[in-house]
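The structure appears right after this line, and notes come after that.
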Amino acid sequence: SFNDNNSRETVVFVSNLAFSVNEGTLMRLLTEKFNMKYGKINLPKDKFTDQSRGFAFIDLLDNATANKAVMLLNGHELNGRLLSCTLRKPDKTKSQFSQSGSSPVRESIESTEKTIYISNLEFSITKQNIEEMCEDLLHEEHPVQGIKFPIDRDNGNCRGFCYVTFQKPESVEAAIEAFDGLPVLGRELKVSRYQSK
């Protein structure tokens, strides 16, 4: 159909990257191994450790190359990890490469019909990682209202799950579609609607 945004999408989303992967690693993979031209690589880094946050956006300039990249990169092993690669979901509100300032996110669950439950989180993940993941994958269309991020009292680590409440109920479906099964730090996220006890 002429309304199909995927037919024009030139950016791919690559996840499950090892922390050792940097822009140079991806550049060599694309140009030397797969002989592909690309426009820009956006590899978000953790503000504190300067390590890769485990995913990247690559602009391949045309849709045919983007589709080829999905075929070649999805399931490809890089630095000991199998990559996951998909076309970026179309977004009308902002460019993937712009950084927006985020407002402070609250801690409580106020509204169950706007909340998702994320489990199978790697224990080193932080609340900030979840905030940034929401921002990068859901854009401004689905603003977050609050994140409840339980911490293990003994070691200060994530307890393996969290709750994200959005400002709009329709963001729940978008979030489940974007995050469920997504490999983050070597674990596939499990995401569902929040069921109140």
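In the structure tokens, the first chain shown is A, the next is B, and so on; residue numbers restart at 1 for each chain, and ligands run from 1 in the order shown.
Within the 8 Å cut-off around A:Asn157, using only C-alpha atoms and omitting residues fewer than 6 positions from it on the same chain, the listed residues are Phe123, Ser124, Ile125, Thr126 and Ile151 of chain A.
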Practice task
Skip A:Met36 itself and residues of its chain fewer than 4 positions away, then list as a ChimeraX atom specification all residues within 12 Å of it, counting only C-alpha atoms.
Solution key: /A:26-32,58-62,64-69,72-73
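Here atom CA of A:Asn120 and atom CA of A:Cys162 stand 9.5 Å from one another.
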Practice task
Please run DSSP on the backbone and report, as a ChimeraX atom specification, all residues within stretch 27-171 of chain A that come out as strand (DSSP E).
Solution key: /A:40-42,55-59,77-78,81-82,84-87,115-119,144-148,161-166
Just C-alpha atoms for this one: save the residues we selected as a PDB file, in the first residue's frame.
```pdb
ATOM      1  CA  LYS A  40      25.353   7.561   9.912  1.00  0.00           C
ATOM      2  CA  ILE A  41      25.775   5.279  12.922  1.00  0.00           C
ATOM      3  CA  ASN A  42      24.180   6.317  16.202  1.00  0.00           C
ATOM      4  CA  PHE A  55      21.971  -1.109  20.632  1.00  0.00           C
ATOM      5  CA  ALA A  56      22.533   1.179  17.647  1.00  0.00           C
ATOM      6  CA  PHE A  57      20.693   2.923  14.839  1.00  0.00           C
ATOM      7  CA  ILE A  58      22.297   2.823  11.391  1.00  0.00           C
ATOM      8  CA  ASP A  59      21.096   4.987   8.511  1.00  0.00           C
ATOM      9  CA  GLU A  77      27.454 -13.140  15.451  1.00  0.00           C
ATOM     10  CA  LEU A  78      29.515 -10.133  16.501  1.00  0.00           C
ATOM     11  CA  ARG A  81      26.618 -12.166  20.563  1.00  0.00           C
ATOM     12  CA  LEU A  82      23.913 -12.830  17.992  1.00  0.00           C
ATOM     13  CA  SER A  84      19.011  -8.619  16.393  1.00  0.00           C
ATOM     14  CA  CYS A  85      18.271  -6.236  13.492  1.00  0.00           C
ATOM     15  CA  THR A  86      14.948  -4.740  12.371  1.00  0.00           C
ATOM     16  CA  LEU A  87      13.805  -1.735  10.391  1.00  0.00           C
ATOM     17  CA  THR A 115       1.351   0.415  32.969  1.00  0.00           C
ATOM     18  CA  ILE A 116       3.526  -2.411  31.644  1.00  0.00           C
ATOM     19  CA  TYR A 117       5.443  -5.045  33.608  1.00  0.00           C
ATOM     20  CA  ILE A 118       8.956  -5.790  32.297  1.00  0.00           C
ATOM     21  CA  SER A 119      10.742  -8.908  33.568  1.00  0.00           C
ATOM     22  CA  VAL A 144       6.600   7.988  30.328  1.00  0.00           C
ATOM     23  CA  GLN A 145       4.799   9.133  33.468  1.00  0.00           C
ATOM     24  CA  GLY A 146       6.578   6.971  36.043  1.00  0.00           C
ATOM     25  CA  ILE A 147       8.917   4.016  36.493  1.00  0.00           C
ATOM     26  CA  LYS A 148       8.868   1.740  39.521  1.00  0.00           C
ATOM     27  CA  PHE A 161      11.808  -6.560  36.861  1.00  0.00           C
ATOM     28  CA  CYS A 162      10.227  -3.108  36.769  1.00  0.00           C
ATOM     29  CA  TYR A 163       6.990  -1.285  35.954  1.00  0.00           C
ATOM     30  CA  VAL A 164       6.638   1.548  33.451  1.00  0.00           C
ATOM     31  CA  THR A 165       3.573   3.806  33.497  1.00  0.00           C
ATOM     32  CA  PHE A 166       2.841   5.912  30.417  1.00  0.00           C
TER      33      PHE A 166
END
```
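Separating atom CA of A:Thr10 from atom CA of A:Leu83 is a distance of 18.3 Å.
Comparing A:Val12, A:Glu177, A:Phe19, A:Thr25 by their smallest distance to A:Thr49, the closest is A:Phe19 (using only C-alpha atoms).
Nearest to A:Phe34 of all the residues A:Val14, A:Leu138, A:Val70, A:Leu189 is A:Val70, counting only C-alpha atoms.
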Completion exercise
Here atom CA of A:Asp180 and atom CA of A:Ser192 stand apart by 7.7 Å
